[in-house]
file coords27.cif (mmCIF, C-alpha atoms)
data_model
#
loop_
_atom_site.label_atom_id
_atom_site.label_comp_id
_atom_site.auth_asym_id
_atom_site.auth_seq_id
_atom_site.Cartn_x
_atom_site.Cartn_y
_atom_site.Cartn_z
CA MET A 1 4.52 17.07 162.81
CA ALA A 2 5.66 20.02 160.67
CA LYS A 3 6.78 23.08 162.52
CA ALA A 4 4.24 25.15 160.60
CA GLU A 5 1.42 23.27 162.35
CA HIS A 6 2.27 24.54 165.85
CA SER A 7 -0.09 27.51 165.66
CA PRO A 8 -2.36 29.17 163.08
CA LYS A 9 -0.22 32.31 163.15
CA ALA A 10 3.02 30.40 162.61
CA GLY A 11 1.35 28.33 159.89
CA ALA A 12 0.17 31.43 158.03
CA LYS A 13 3.66 32.93 158.24
CA THR A 14 5.28 29.76 156.91
CA ARG A 15 2.76 29.53 154.07
CA ALA A 16 3.47 33.15 153.10
CA GLN A 17 7.23 32.50 153.15
CA ILE A 18 6.79 29.51 150.84
CA LEU A 19 4.59 31.46 148.43
CA ARG A 20 7.04 34.37 148.27
CA ALA A 21 9.95 32.05 147.55
CA ALA A 22 7.96 30.11 144.95
CA LEU A 23 6.87 33.31 143.26
CA LYS A 24 10.44 34.53 142.91
CA HIS A 25 11.64 31.29 141.35
CA PHE A 26 8.61 30.76 139.09
CA ALA A 27 8.82 34.34 137.81
CA ASN A 28 12.56 34.23 137.15
CA ALA A 29 13.11 30.63 135.99
CA GLY A 30 9.67 29.34 135.05
CA TYR A 31 7.61 26.52 136.48
CA ALA A 32 9.43 23.59 134.86
CA ALA A 33 12.91 24.80 135.82
CA THR A 34 12.03 25.46 139.47
CA SER A 35 12.57 22.70 142.02
CA VAL A 36 10.96 22.17 145.42
CA GLN A 37 14.46 22.16 146.92
CA GLN A 38 15.10 25.66 145.58
CA ILE A 39 11.83 26.89 147.06
CA VAL A 40 12.32 25.44 150.55
CA GLY A 41 15.93 26.62 150.56
CA ASP A 42 14.93 30.18 149.75
CA ALA A 43 11.96 30.10 152.14
CA LYS A 44 14.16 28.60 154.88
CA VAL A 45 11.64 25.89 155.69
CA SER A 46 11.71 22.10 155.55
CA LYS A 47 10.13 19.99 152.83
CA PRO A 48 7.60 18.56 155.33
CA ALA A 49 6.55 22.15 156.10
CA LEU A 50 5.98 22.82 152.40
CA TYR A 51 4.04 19.59 151.92
CA TYR A 52 1.90 20.40 154.95
CA HIS A 53 0.60 23.50 153.14
CA PHE A 54 0.82 22.37 149.51
CA ARG A 55 0.49 18.91 148.01
CA ASP A 56 3.27 19.53 145.48
CA LYS A 57 4.94 22.14 143.29
CA ALA A 58 1.91 22.25 141.01
CA GLU A 59 -0.35 23.22 143.91
CA LEU A 60 2.04 26.07 144.75
CA PHE A 61 1.88 27.41 141.22
CA LYS A 62 -1.90 27.09 141.11
CA ALA A 63 -2.23 28.95 144.41
CA LEU A 64 -0.29 31.90 143.01
CA VAL A 65 -2.25 32.04 139.74
CA HIS A 66 -5.58 31.84 141.55
CA GLU A 67 -4.46 34.50 144.00
CA ALA A 68 -3.77 36.88 141.10
CA HIS A 69 -7.19 36.33 139.50
CA ASP A 70 -9.10 36.43 142.79
CA GLU A 71 -7.44 39.63 143.94
CA LYS A 72 -8.10 41.23 140.57
CA PHE A 73 -11.77 40.29 140.90
CA ARG A 74 -11.94 41.79 144.39
CA LEU A 75 -10.32 45.00 143.18
CA LEU A 76 -12.70 45.24 140.21
CA HIS A 77 -15.69 45.14 142.55
CA GLU A 78 -14.18 47.57 145.03
CA ALA A 79 -13.12 50.10 142.39
CA ALA A 80 -16.39 49.97 140.44
CA GLY A 81 -18.34 50.43 143.68
CA ARG A 82 -16.76 53.85 144.13
CA GLY A 83 -18.03 55.11 140.75
CA ARG A 84 -21.34 56.89 140.19
CA ASN A 85 -21.37 56.27 136.44
CA ILE A 86 -19.53 54.20 133.83
CA ARG A 87 -16.80 56.82 133.37
CA GLU A 88 -15.95 56.90 137.06
CA GLN A 89 -16.24 53.13 137.35
CA LEU A 90 -13.79 52.51 134.51
CA GLU A 91 -11.38 55.22 135.68
CA ASN A 92 -11.37 53.76 139.21
CA ILE A 93 -10.83 50.27 137.84
CA LEU A 94 -7.86 51.27 135.71
CA ILE A 95 -6.23 53.37 138.42
CA THR A 96 -6.64 50.55 140.96
CA LEU A 97 -5.49 47.74 138.67
CA PHE A 98 -2.48 49.66 137.34
CA ASP A 99 -1.37 50.24 140.91
CA TYR A 100 -1.85 46.56 141.74
CA VAL A 101 0.16 45.42 138.71
CA ALA A 102 2.98 47.84 139.55
CA LYS A 103 3.20 46.46 143.09
CA ASN A 104 2.88 42.80 142.05
CA ARG A 105 4.89 42.54 138.83
CA GLU A 106 6.16 39.00 139.40
CA LEU A 107 2.74 37.67 140.28
CA MET A 108 1.18 39.31 137.22
CA ARG A 109 3.96 38.02 134.96
CA ILE A 110 3.07 34.48 136.04
CA SER A 111 -0.63 35.16 135.60
CA PHE A 112 -0.21 36.46 132.04
CA ALA A 113 2.35 33.80 131.10
CA THR A 114 -0.14 31.01 131.75
CA ASN A 115 -2.14 32.18 128.73
CA PHE A 116 0.74 31.53 126.33
CA ALA A 117 2.63 28.68 128.00
CA ALA A 118 3.49 25.54 126.05
CA PRO A 119 2.61 22.10 127.48
CA GLY A 120 4.89 21.33 130.40
CA GLU A 121 5.63 24.97 131.17
CA VAL A 122 2.72 25.14 133.61
CA PRO A 123 0.96 22.42 135.65
CA GLU A 124 -1.70 20.30 134.00
CA ASN A 125 -5.31 21.09 134.88
CA LEU A 126 -4.50 24.60 136.02
CA CYS A 127 -8.17 25.52 135.53
CA TYR A 128 -7.90 29.29 135.60
CA ALA A 129 -9.98 30.03 132.49
CA GLY A 130 -13.18 30.21 134.51
CA LYS A 131 -11.73 32.94 136.69
CA CYS A 132 -10.55 34.89 133.65
CA GLU A 133 -14.07 34.73 132.23
CA ARG A 134 -15.55 35.70 135.61
CA ASN A 135 -13.39 38.84 135.73
CA PHE A 136 -14.23 39.77 132.16
CA GLU A 137 -17.94 39.19 132.72
CA PHE A 138 -17.89 41.61 135.64
CA VAL A 139 -16.64 44.36 133.32
CA HIS A 140 -19.19 43.19 130.74
CA SER A 141 -21.95 43.60 133.34
CA LEU A 142 -20.90 47.22 133.89
CA ILE A 143 -21.07 47.87 130.16
CA LYS A 144 -24.54 46.32 129.89
CA ALA A 145 -25.79 48.34 132.85
CA ALA A 146 -24.39 51.54 131.34
CA GLN A 147 -26.10 50.81 128.02
CA LYS A 148 -29.37 50.21 129.81
CA LYS A 149 -29.04 53.58 131.60
CA GLY A 150 -28.25 55.33 128.32
CA GLU A 151 -24.62 56.10 129.21
CA LEU A 152 -23.23 54.02 126.35
CA ASN A 153 -24.19 53.62 122.71
CA ARG A 154 -26.58 50.69 122.26
CA HIS A 155 -25.56 50.43 118.61
CA PHE A 156 -22.57 48.36 119.67
CA ASP A 157 -22.68 44.85 121.06
CA SER A 158 -22.05 44.95 124.81
CA ARG A 159 -19.41 42.21 124.70
CA GLU A 160 -17.73 43.98 121.82
CA MET A 161 -17.46 47.10 123.95
CA ALA A 162 -16.30 45.15 127.00
CA PHE A 163 -13.53 43.56 124.95
CA GLY A 164 -12.57 47.04 123.77
CA ILE A 165 -11.85 48.45 127.23
CA TYR A 166 -10.58 45.11 128.57
CA GLY A 167 -8.15 44.81 125.67
CA LEU A 168 -6.86 48.35 126.14
CA THR A 169 -6.33 47.72 129.83
CA ASN A 170 -4.46 44.45 129.28
CA PHE A 171 -2.24 46.08 126.65
CA TYR A 172 -1.11 48.63 129.22
CA PHE A 173 -0.58 45.84 131.76
CA VAL A 174 1.72 44.00 129.37
CA SER A 175 3.54 47.21 128.45
CA HIS A 176 4.34 47.83 132.10
CA LEU A 177 5.45 44.24 132.68
CA ALA A 178 7.72 44.39 129.62
CA GLU A 179 9.17 47.79 130.50
CA ARG A 180 9.66 48.42 134.21
CA ASN A 181 10.18 52.17 133.74
CA TYR A 182 6.76 52.54 132.11
CA ARG A 183 3.92 52.78 134.59
CA PRO A 184 0.46 54.14 133.69
CA ASP A 185 -0.60 56.76 136.22
CA PRO A 186 -4.08 58.10 137.14
CA LYS A 187 -3.85 60.69 134.37
CA ALA A 188 -3.14 57.98 131.80
CA SER A 189 -6.03 55.94 133.18
CA LYS A 190 -8.44 58.83 132.61
CA ARG A 191 -7.18 59.35 129.06
CA ILE A 192 -7.58 55.66 128.24
CA VAL A 193 -11.19 55.83 129.41
CA GLU A 194 -11.67 59.07 127.47
CA LEU A 195 -10.40 57.37 124.31
CA PHE A 196 -12.77 54.46 124.87
CA LEU A 197 -15.81 56.61 125.60
CA VAL A 198 -15.28 59.47 123.14
CA GLY A 199 -13.09 57.93 120.43
CA ALA A 200 -10.30 59.33 118.31
CA ALA A 201 -12.32 60.66 115.40
CA ALA A 202 -12.48 64.43 114.83
CA LYS A 203 -15.59 66.02 116.32
CA ASN A 204 -16.87 67.15 112.93
CA SER A 205 -16.55 63.68 111.47
CA SER A 206 -19.72 62.41 109.81
CA HIS A 207 -18.62 58.79 110.09
CA LYS A 208 -21.22 56.52 111.63
CA PRO A 209 -20.23 53.24 113.32
CA GLN A 210 -21.13 50.06 111.46
CA LYS A 211 -23.19 47.43 113.16
CA MET A 212 -20.86 44.48 113.78
CA LYS A 213 -21.87 40.91 114.38
CA PHE A 214 -20.01 39.47 117.36
CA TYR A 215 -19.02 35.82 117.11
CA GLY A 216 -18.61 34.04 120.40
CA LYS A 217 -20.29 33.80 123.76
#
call {"tool": "encode", "arguments": {"input": "coords27.cif", "output": "structure tokens"}}
result
Amino acid sequence: MAKAEHSPKAGAKTRAQILRAALKHFANAGYAATSVQQIVGDAKVSKPALYYHFRDKAELFKALVHEAHDEKFRLLHEAAGRGRNIREQLENILITLFDYVAKNRELMRISFATNFAAPGEVPENLCYAGKCERNFEFVHSLIKAAQKKGELNRHFDSREMAFGIYGLTNFYFVSHLAERNYRPDPKASKRIVELFLVGAAAKNSSHKPQKMKFYGK
């Protein structure tokens, strides 16, 4: 019997050790180049202990990717719940997510990399797309609710607007992951939301937004 099975507390500790070691190697060397031996060596556990918690290396990678998406979803709900209107909801979301990304750079690097990985660079049947859509649809639901309450312009398609703020947010995520010294702070979060809600056009501009047809779901 694996040592990790002796007690729930010991098992949870062993599982966390394995995940931390796997995260370090996956983030630095990639999925394909990381071996189970490297992970157990770094985690200071036996292979039976690893296989008690995870079926194989692929399951380890999947656990990390799902953890990133699930925690992001939890934070979205928590942050939005503290806002009284769409401005406060979006500001809280950006502040919270930027802080999470800054504290979990390696995990977020893996999460983003899965979107652009070539065959073989990540496990087959990773099945994370549904969670990506779930997270986006939560933001989309906030936009639709704000339009219904008259807080946002109904001239625009709600998904179009959700992609606007979601895209801005992800751009800043990637910027931070690419450049460690750059980290969006609460002030930057508020200005990003201000840009989304108010726009960059001069106040005396007579330009009117064109109605755009959105192709997709």
call {"tool": "atom_distance", "arguments": {"input": "coords27.cif", "atom1": "atom CA of Asn92 of chain A", "atom2": "atom CA of Ala79 of chain A"}}
result
5.2 Å
call {"tool": "residues_around", "arguments": {"input": "coords27.cif", "residues": "Leu50 of chain A", "least_positions_apart": "4", "cutoff": "10 Å", "atoms": "all atoms listed in the file", "output": "PyMOL selection string"}}
result
chain A and resi 2+4+14-15+17-19+36+39-40+43+45-46+54-57+60
call {"tool": "axis_aligned_box", "arguments": {"input": "coords27.cif", "around": "segment 51-63 of chain A", "padding_each_side": "6 Å", "output": "AutoDock Vina command-line options"}}
result
--center_x 1.4 --center_y 23.9 --center_z 148.0 --size_x 19.2 --size_y 22.0 --size_z 25.9
call {"tool": "residues_around", "arguments": {"input": "coords27.cif", "residues": "Gln38 of chain A", "least_positions_apart": "6", "cutoff": "9 Å", "atoms": "all atoms listed in the file", "output": "PyMOL selection string"}}
result
chain A and resi 21-22+25
call {"tool": "closest_residue", "arguments": {"input": "coords27.cif", "among": "A:Arg109, A:Lys203, A:Arg159, A:Lys144", "to": "Gly30 of chain A", "atoms": "all atoms listed in the file"}}
result
A:Arg109
call {"tool": "atom_distance", "arguments": {"input": "coords27.cif", "atom1": "atom CA of Asn115 of chain A", "atom2": "atom CA of Gln37 of chain A"}}
result
26.6 Å
call {"tool": "residues_around", "arguments": {"input": "coords27.cif", "residues": "Leu107 of chain A", "least_positions_apart": "4", "cutoff": "12 Å", "atoms": "all atoms listed in the file", "output": "PDB file with C-alpha atoms, in the frame of the given file"}}
result
ATOM      1  CA  LEU A  19       4.590  31.460 148.430  1.00  0.00           C
ATOM      2  CA  ARG A  20       7.040  34.370 148.270  1.00  0.00           C
ATOM      3  CA  ALA A  21       9.950  32.050 147.550  1.00  0.00           C
ATOM      4  CA  ALA A  22       7.960  30.110 144.950  1.00  0.00           C
ATOM      5  CA  LEU A  23       6.870  33.310 143.260  1.00  0.00           C
ATOM      6  CA  LYS A  24      10.440  34.530 142.910  1.00  0.00           C
ATOM      7  CA  HIS A  25      11.640  31.290 141.350  1.00  0.00           C
ATOM      8  CA  PHE A  26       8.610  30.760 139.090  1.00  0.00           C
ATOM      9  CA  ALA A  27       8.820  34.340 137.810  1.00  0.00           C
ATOM     10  CA  ASN A  28      12.560  34.230 137.150  1.00  0.00           C
ATOM     11  CA  PHE A  61       1.880  27.410 141.220  1.00  0.00           C
ATOM     12  CA  LYS A  62      -1.900  27.090 141.110  1.00  0.00           C
ATOM     13  CA  ALA A  63      -2.230  28.950 144.410  1.00  0.00           C
ATOM     14  CA  LEU A  64      -0.290  31.900 143.010  1.00  0.00           C
ATOM     15  CA  VAL A  65      -2.250  32.040 139.740  1.00  0.00           C
ATOM     16  CA  HIS A  66      -5.580  31.840 141.550  1.00  0.00           C
ATOM     17  CA  GLU A  67      -4.460  34.500 144.000  1.00  0.00           C
ATOM     18  CA  ALA A  68      -3.770  36.880 141.100  1.00  0.00           C
ATOM     19  CA  HIS A  69      -7.190  36.330 139.500  1.00  0.00           C
ATOM     20  CA  GLU A  71      -7.440  39.630 143.940  1.00  0.00           C
ATOM     21  CA  LYS A  72      -8.100  41.230 140.570  1.00  0.00           C
ATOM     22  CA  TYR A 100      -1.850  46.560 141.740  1.00  0.00           C
ATOM     23  CA  VAL A 101       0.160  45.420 138.710  1.00  0.00           C
ATOM     24  CA  ALA A 102       2.980  47.840 139.550  1.00  0.00           C
ATOM     25  CA  LYS A 103       3.200  46.460 143.090  1.00  0.00           C
ATOM     26  CA  SER A 111      -0.630  35.160 135.600  1.00  0.00           C
ATOM     27  CA  PHE A 112      -0.210  36.460 132.040  1.00  0.00           C
ATOM     28  CA  ALA A 113       2.350  33.800 131.100  1.00  0.00           C
ATOM     29  CA  THR A 114      -0.140  31.010 131.750  1.00  0.00           C
ATOM     30  CA  LEU A 177       5.450  44.240 132.680  1.00  0.00           C
TER      31      LEU A 177
END
call {"tool": "resolve_selection", "arguments": {"input": "coords27.cif", "expression": "the PyMOL selection byres ((chain A and resi 121) around 9)", "output": "list in words"}}
result
Gly30, Tyr31, Ala32, Ala33, Thr114, Ala117, Ala118, Pro119, Gly120, Val122 and Pro123 of chain A
call {"tool": "residues_around", "arguments": {"input": "coords27.cif", "residues": "segment 168-170 of chain A", "least_positions_apart": "3", "cutoff": "9 Å", "atoms": "all atoms listed in the file", "output": "PDB file with C-alpha atoms, in the frame of the given file"}}
result
ATOM      1  CA  LEU A  94      -7.860  51.270 135.710  1.00  0.00           C
ATOM      2  CA  LEU A  97      -5.490  47.740 138.670  1.00  0.00           C
ATOM      3  CA  PHE A  98      -2.480  49.660 137.340  1.00  0.00           C
ATOM      4  CA  PHE A 163     -13.530  43.560 124.950  1.00  0.00           C
ATOM      5  CA  GLY A 164     -12.570  47.040 123.770  1.00  0.00           C
ATOM      6  CA  ILE A 165     -11.850  48.450 127.230  1.00  0.00           C
ATOM      7  CA  PHE A 173      -0.580  45.840 131.760  1.00  0.00           C
ATOM      8  CA  VAL A 174       1.720  44.000 129.370  1.00  0.00           C
ATOM      9  CA  SER A 175       3.540  47.210 128.450  1.00  0.00           C
ATOM     10  CA  SER A 189      -6.030  55.940 133.180  1.00  0.00           C
ATOM     11  CA  ILE A 192      -7.580  55.660 128.240  1.00  0.00           C
ATOM     12  CA  PHE A 196     -12.770  54.460 124.870  1.00  0.00           C
TER      13      PHE A 196
END
call {"tool": "closest_residue", "arguments": {"input": "coords27.cif", "among": "A:Ala129, A:Asn85, A:Lys190, A:His176", "to": "Ala145 of chain A", "atoms": "only C-alpha atoms"}}
result
A:Asn85
call {"tool": "atom_distance", "arguments": {"input": "coords27.cif", "atom1": "atom CA of Phe138 of chain A", "atom2": "atom CA of Glu194 of chain A"}}
result
20.3 Å
call {"tool": "closest_residue", "arguments": {"input": "coords27.cif", "among": "A:Gly41, A:Gln89, A:Ala58, A:Ala29", "to": "His77 of chain A", "atoms": "only C-alpha atoms"}}
result
A:Gln89
call {"tool": "closest_residue", "arguments": {"input": "coords27.cif", "among": "A:Leu142, A:Val198, A:Ile95, A:Leu76", "to": "Arg183 of chain A", "atoms": "only C-alpha atoms"}}
result
A:Ile95
call {"tool": "closest_residue", "arguments": {"input": "coords27.cif", "among": "A:Ala12, A:Arg154, A:Glu91, A:Cys132", "to": "Arg191 of chain A", "atoms": "all atoms listed in the file"}}
result
A:Glu91
call {"tool": "closest_residue", "arguments": {"input": "coords27.cif", "among": "A:Gly167, A:Pro48, A:Asn104, A:Phe73", "to": "Glu137 of chain A", "atoms": "only C-alpha atoms"}}
result
A:Phe73
call {"tool": "decode", "arguments": {"input": "coords27.cif", "residues": "segment 175-208 of chain A", "atoms": "C-alpha atoms", "output": "compact mmCIF listing (two decimals), in the first residue's frame"}}
result
# COMPACT_ATOMS: atom_id res chain seq x y z
CA SER A 175 1.59 40.56 -21.04
CA HIS A 176 2.27 39.77 -17.39
CA LEU A 177 3.21 36.16 -18.14
CA ALA A 178 5.61 37.29 -20.88
CA GLU A 179 7.15 40.07 -18.79
CA ARG A 180 7.52 39.28 -15.10
CA ASN A 181 8.21 42.91 -14.16
CA TYR A 182 4.88 44.03 -15.62
CA ARG A 183 1.95 43.49 -13.29
CA PRO A 184 -1.42 45.27 -13.70
CA ASP A 185 -2.46 46.84 -10.42
CA PRO A 186 -5.92 47.93 -9.14
CA LYS A 187 -5.48 51.34 -10.77
CA ALA A 188 -4.77 49.71 -14.14
CA SER A 189 -7.80 47.46 -13.66
CA LYS A 190 -10.07 50.49 -13.20
CA ARG A 191 -8.65 52.19 -16.29
CA ILE A 192 -9.17 49.07 -18.40
CA VAL A 193 -12.81 49.00 -17.32
CA GLU A 194 -13.08 52.74 -17.96
CA LEU A 195 -11.75 52.24 -21.50
CA PHE A 196 -14.26 49.45 -22.09
CA LEU A 197 -17.24 51.34 -20.69
CA VAL A 198 -16.49 54.86 -21.93
CA GLY A 199 -14.27 54.31 -24.96
CA ALA A 200 -11.34 56.23 -26.36
CA ALA A 201 -13.19 58.63 -28.64
CA ALA A 202 -13.18 62.35 -27.79
CA LYS A 203 -16.28 63.46 -25.90
CA ASN A 204 -17.37 65.80 -28.67
CA SER A 205 -17.14 63.09 -31.29
CA SER A 206 -20.29 62.68 -33.36
CA HIS A 207 -19.34 59.15 -34.40
CA LYS A 208 -22.09 56.61 -33.85
